[in-house]
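Containing compact mmCIF, N, CA and C atoms: entry.txt.
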```
# COMPACT_ATOMS: atom_id res chain seq x y z
N MET A 10 -22.94 93.68 29.79
CA MET A 10 -22.66 92.71 30.81
C MET A 10 -23.24 91.34 30.45
N ILE A 11 -24.49 91.31 30.02
CA ILE A 11 -25.15 90.07 29.63
C ILE A 11 -24.43 89.45 28.43
N GLU A 12 -23.98 90.32 27.52
CA GLU A 12 -23.28 89.83 26.33
C GLU A 12 -21.99 89.09 26.71
N ALA A 13 -21.26 89.59 27.68
CA ALA A 13 -20.03 88.94 28.13
C ALA A 13 -20.34 87.58 28.77
N ILE A 14 -21.39 87.51 29.54
CA ILE A 14 -21.78 86.25 30.17
C ILE A 14 -22.17 85.22 29.11
N LEU A 15 -22.91 85.68 28.10
CA LEU A 15 -23.31 84.77 27.03
C LEU A 15 -22.09 84.27 26.25
N TRP A 16 -21.08 85.14 26.04
CA TRP A 16 -19.86 84.70 25.35
C TRP A 16 -19.11 83.67 26.18
N PHE A 17 -18.99 83.87 27.48
CA PHE A 17 -18.34 82.88 28.34
C PHE A 17 -19.10 81.55 28.32
N LEU A 18 -20.42 81.63 28.33
CA LEU A 18 -21.24 80.44 28.27
C LEU A 18 -21.04 79.71 26.93
N ALA A 19 -21.02 80.47 25.83
CA ALA A 19 -20.83 79.86 24.51
C ALA A 19 -19.46 79.20 24.39
N VAL A 20 -18.42 79.87 24.89
CA VAL A 20 -17.07 79.31 24.84
C VAL A 20 -17.00 78.06 25.71
N GLY A 21 -17.58 78.11 26.88
CA GLY A 21 -17.59 76.95 27.78
C GLY A 21 -18.32 75.77 27.19
N LEU A 22 -19.49 76.02 26.60
CA LEU A 22 -20.26 74.94 26.01
C LEU A 22 -19.60 74.37 24.76
N THR A 23 -18.74 75.12 24.11
CA THR A 23 -18.00 74.62 22.97
C THR A 23 -16.75 73.87 23.43
N ALA A 24 -16.13 74.32 24.50
CA ALA A 24 -14.89 73.71 24.98
C ALA A 24 -15.13 72.32 25.57
N VAL A 25 -16.26 72.09 26.22
CA VAL A 25 -16.52 70.80 26.85
C VAL A 25 -16.58 69.66 25.82
N PRO A 26 -17.35 69.77 24.74
CA PRO A 26 -17.35 68.68 23.76
C PRO A 26 -15.99 68.50 23.08
N LEU A 27 -15.29 69.61 22.84
CA LEU A 27 -13.95 69.49 22.24
C LEU A 27 -13.00 68.75 23.17
N TRP A 28 -13.07 69.02 24.46
CA TRP A 28 -12.22 68.32 25.43
C TRP A 28 -12.57 66.83 25.48
N ILE A 29 -13.86 66.51 25.42
CA ILE A 29 -14.29 65.11 25.44
C ILE A 29 -13.77 64.38 24.21
N LEU A 30 -13.87 65.00 23.04
CA LEU A 30 -13.37 64.39 21.81
C LEU A 30 -11.85 64.22 21.85
N TRP A 31 -11.13 65.22 22.37
CA TRP A 31 -9.68 65.13 22.46
C TRP A 31 -9.26 64.00 23.39
N ARG A 32 -9.96 63.89 24.52
CA ARG A 32 -9.63 62.84 25.49
C ARG A 32 -9.91 61.46 24.91
N ALA A 33 -11.00 61.29 24.18
CA ALA A 33 -11.30 60.00 23.54
C ALA A 33 -10.25 59.64 22.51
N GLY A 34 -9.78 60.63 21.75
CA GLY A 34 -8.72 60.39 20.78
C GLY A 34 -7.42 59.98 21.45
N GLN A 35 -7.10 60.61 22.57
CA GLN A 35 -5.89 60.26 23.32
C GLN A 35 -5.98 58.84 23.87
N LYS A 36 -7.15 58.46 24.38
CA LYS A 36 -7.33 57.11 24.91
C LYS A 36 -7.22 56.08 23.80
N ALA A 37 -7.76 56.38 22.62
CA ALA A 37 -7.68 55.45 21.50
C ALA A 37 -6.24 55.29 21.03
N ALA A 38 -5.51 56.38 20.95
CA ALA A 38 -4.11 56.31 20.54
C ALA A 38 -3.29 55.55 21.58
N SER A 39 -3.58 55.78 22.85
CA SER A 39 -2.88 55.07 23.91
C SER A 39 -3.19 53.58 23.86
N LEU A 40 -4.44 53.23 23.58
CA LEU A 40 -4.82 51.83 23.50
C LEU A 40 -4.10 51.14 22.34
N ASP A 41 -4.05 51.79 21.18
CA ASP A 41 -3.34 51.21 20.04
C ASP A 41 -1.87 50.98 20.37
N PHE A 42 -1.25 51.94 21.04
CA PHE A 42 0.16 51.79 21.41
C PHE A 42 0.35 50.65 22.41
N ARG A 43 -0.54 50.59 23.41
CA ARG A 43 -0.43 49.53 24.42
C ARG A 43 -0.67 48.16 23.81
N LEU A 44 -1.59 48.06 22.85
CA LEU A 44 -1.82 46.78 22.17
C LEU A 44 -0.60 46.38 21.34
N SER A 45 0.01 47.33 20.67
CA SER A 45 1.20 47.02 19.86
C SER A 45 2.38 46.61 20.72
N GLN A 46 2.41 47.08 21.98
CA GLN A 46 3.49 46.73 22.90
C GLN A 46 3.15 45.49 23.74
N ASN A 47 2.00 44.86 23.50
CA ASN A 47 1.53 43.70 24.28
C ASN A 47 1.54 43.99 25.77
N ASP A 48 0.95 45.10 26.14
CA ASP A 48 0.91 45.53 27.53
C ASP A 48 -0.05 44.62 28.32
N ALA A 49 0.50 43.83 29.23
CA ALA A 49 -0.31 42.88 30.00
C ALA A 49 -1.23 43.59 31.00
N SER A 50 -0.93 44.83 31.35
CA SER A 50 -1.78 45.54 32.31
C SER A 50 -3.15 45.88 31.72
N LEU A 51 -3.34 45.72 30.41
CA LEU A 51 -4.65 45.96 29.81
C LEU A 51 -5.69 44.97 30.34
N LEU A 52 -5.24 43.78 30.78
CA LEU A 52 -6.17 42.79 31.28
C LEU A 52 -6.83 43.22 32.58
N GLU A 53 -6.14 44.05 33.37
CA GLU A 53 -6.69 44.52 34.65
C GLU A 53 -7.14 45.97 34.61
N ASP A 54 -7.05 46.62 33.47
CA ASP A 54 -7.41 48.04 33.36
C ASP A 54 -8.92 48.21 33.45
N ASP A 55 -9.36 49.14 34.30
CA ASP A 55 -10.80 49.38 34.48
C ASP A 55 -11.45 49.98 33.24
N GLY A 56 -10.70 50.70 32.43
CA GLY A 56 -11.27 51.36 31.27
C GLY A 56 -11.33 50.49 30.03
N VAL A 57 -10.88 49.24 30.13
CA VAL A 57 -10.84 48.34 28.98
C VAL A 57 -11.73 47.15 29.27
N ILE A 58 -12.62 46.85 28.34
CA ILE A 58 -13.49 45.69 28.45
C ILE A 58 -13.09 44.71 27.34
N ILE A 59 -12.68 43.52 27.74
CA ILE A 59 -12.25 42.51 26.77
C ILE A 59 -13.46 41.66 26.41
N THR A 60 -13.81 41.66 25.13
CA THR A 60 -14.96 40.89 24.68
C THR A 60 -14.55 39.68 23.87
N GLN A 61 -13.32 39.67 23.32
CA GLN A 61 -12.89 38.57 22.49
C GLN A 61 -11.38 38.43 22.58
N MET A 62 -10.91 37.20 22.69
CA MET A 62 -9.48 36.94 22.70
C MET A 62 -9.16 36.12 21.46
N THR A 63 -8.16 36.55 20.71
CA THR A 63 -7.77 35.84 19.50
C THR A 63 -6.33 35.39 19.63
N GLY A 64 -5.91 34.49 18.79
CA GLY A 64 -4.53 34.02 18.80
C GLY A 64 -4.23 33.06 19.94
N LEU A 65 -5.24 32.37 20.45
CA LEU A 65 -5.04 31.42 21.52
C LEU A 65 -4.70 30.05 20.93
N PRO A 66 -3.95 29.23 21.66
CA PRO A 66 -3.64 27.89 21.16
C PRO A 66 -4.90 27.05 21.01
N PRO A 67 -4.84 26.01 20.17
CA PRO A 67 -6.01 25.14 20.02
C PRO A 67 -6.39 24.49 21.34
N ASN A 68 -7.66 24.21 21.51
CA ASN A 68 -8.23 23.56 22.70
C ASN A 68 -8.04 24.38 23.97
N THR A 69 -7.90 25.67 23.86
CA THR A 69 -7.76 26.53 25.03
C THR A 69 -9.13 26.81 25.60
N ARG A 70 -9.25 26.66 26.93
CA ARG A 70 -10.50 27.00 27.60
C ARG A 70 -10.32 28.34 28.28
N ILE A 71 -11.31 29.21 28.13
CA ILE A 71 -11.28 30.52 28.78
C ILE A 71 -12.22 30.46 29.97
N VAL A 72 -11.65 30.70 31.14
CA VAL A 72 -12.42 30.65 32.38
C VAL A 72 -12.56 32.08 32.88
N PRO A 73 -13.79 32.60 33.03
CA PRO A 73 -13.97 33.97 33.51
C PRO A 73 -13.38 34.16 34.90
N ASN A 74 -12.78 35.30 35.13
CA ASN A 74 -12.21 35.70 36.42
C ASN A 74 -11.07 34.81 36.88
N ALA A 75 -10.37 34.15 35.97
CA ALA A 75 -9.20 33.35 36.32
C ALA A 75 -7.96 34.08 35.83
N ASN A 76 -6.89 34.01 36.58
CA ASN A 76 -5.65 34.66 36.15
C ASN A 76 -5.06 33.94 34.95
N VAL A 77 -4.64 32.70 35.14
CA VAL A 77 -4.09 31.90 34.05
C VAL A 77 -4.49 30.46 34.29
N VAL A 78 -5.00 29.81 33.25
CA VAL A 78 -5.31 28.39 33.32
C VAL A 78 -4.61 27.72 32.16
N VAL A 79 -3.65 26.83 32.49
CA VAL A 79 -2.92 26.11 31.45
C VAL A 79 -3.22 24.63 31.64
N GLU A 80 -3.73 24.03 30.59
CA GLU A 80 -4.07 22.62 30.66
C GLU A 80 -3.44 21.93 29.46
N GLN A 81 -2.62 20.93 29.74
CA GLN A 81 -1.93 20.24 28.68
C GLN A 81 -2.61 18.90 28.46
N THR A 82 -3.01 18.63 27.22
CA THR A 82 -3.69 17.38 26.92
C THR A 82 -2.84 16.59 25.95
N SER A 83 -2.97 15.29 26.01
CA SER A 83 -2.25 14.41 25.12
C SER A 83 -3.12 14.12 23.91
N GLN A 84 -2.52 14.21 22.73
CA GLN A 84 -3.28 13.94 21.52
C GLN A 84 -3.40 12.44 21.27
N THR A 85 -2.56 11.64 21.92
CA THR A 85 -2.57 10.20 21.68
C THR A 85 -3.35 9.46 22.76
N ASN A 86 -3.98 10.16 23.68
CA ASN A 86 -4.77 9.56 24.75
C ASN A 86 -3.96 8.58 25.59
N GLY A 87 -2.72 8.90 25.87
CA GLY A 87 -1.90 8.09 26.75
C GLY A 87 -1.14 6.98 26.05
N ALA A 88 -1.45 6.68 24.81
CA ALA A 88 -0.75 5.63 24.09
C ALA A 88 0.50 6.19 23.42
N MET A 89 1.49 5.36 23.31
CA MET A 89 2.73 5.78 22.65
C MET A 89 2.47 5.84 21.14
N PRO A 90 2.96 6.90 20.49
CA PRO A 90 2.75 6.99 19.04
C PRO A 90 3.59 5.95 18.30
N GLU A 91 3.02 5.42 17.25
CA GLU A 91 3.74 4.43 16.45
C GLU A 91 4.63 5.16 15.47
N THR A 92 5.78 4.60 15.20
CA THR A 92 6.71 5.18 14.23
C THR A 92 6.41 4.59 12.87
N LEU A 93 6.63 5.38 11.86
CA LEU A 93 6.40 4.92 10.49
C LEU A 93 7.67 4.28 9.98
N ALA A 94 7.55 3.16 9.33
CA ALA A 94 8.73 2.45 8.81
C ALA A 94 9.02 2.87 7.40
```

Any chance you could give the structure as structure tokens?
Amino acid sequence: MIEAILWFLAVGLTAVPLWILWRAGQKAASLDFRLSQNDASLLEDDGVIITQMTGLPPNTRIVPNANVVVEQTSQTNGAMPETLA
């Protein structure tokens, strides 16, 4: 009787780490797929923490907790560009 209980305990204690590893692998594969599909819902996903954004246009400001901030600046500071002759 004790031997059967120990076997169930051993199988259970082995199954839990295997399940955790399998679930982590599934989440990683899902994340790679969602990134390749440019899934915008990743920005609001509770299980994803964004630490760095790449591929942003020059002079882009990142404001924490803002949905979208678009600011257009003039490179000529309001003056009309001169044409080359």

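Here atom N of Asn68 in chain A and atom C of Phe42 in chain A stand 27.6 Å from one another.
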
- Query: Between atom C of Val72 in chain A and CA of Asp55 in chain A, what is the distance, to one decimal in Å?
  - Reply: 17.5 Å

- Determine which residues of chain A DSSP labels as alpha helix (DSSP H) from the backbone of this structure, then write them out as a PyMOL selection string. chain A and resi 11-45

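Pairwise distance (CA of Arg32 in chain A, CA of Ile58 in chain A) equals 17.8 Å.
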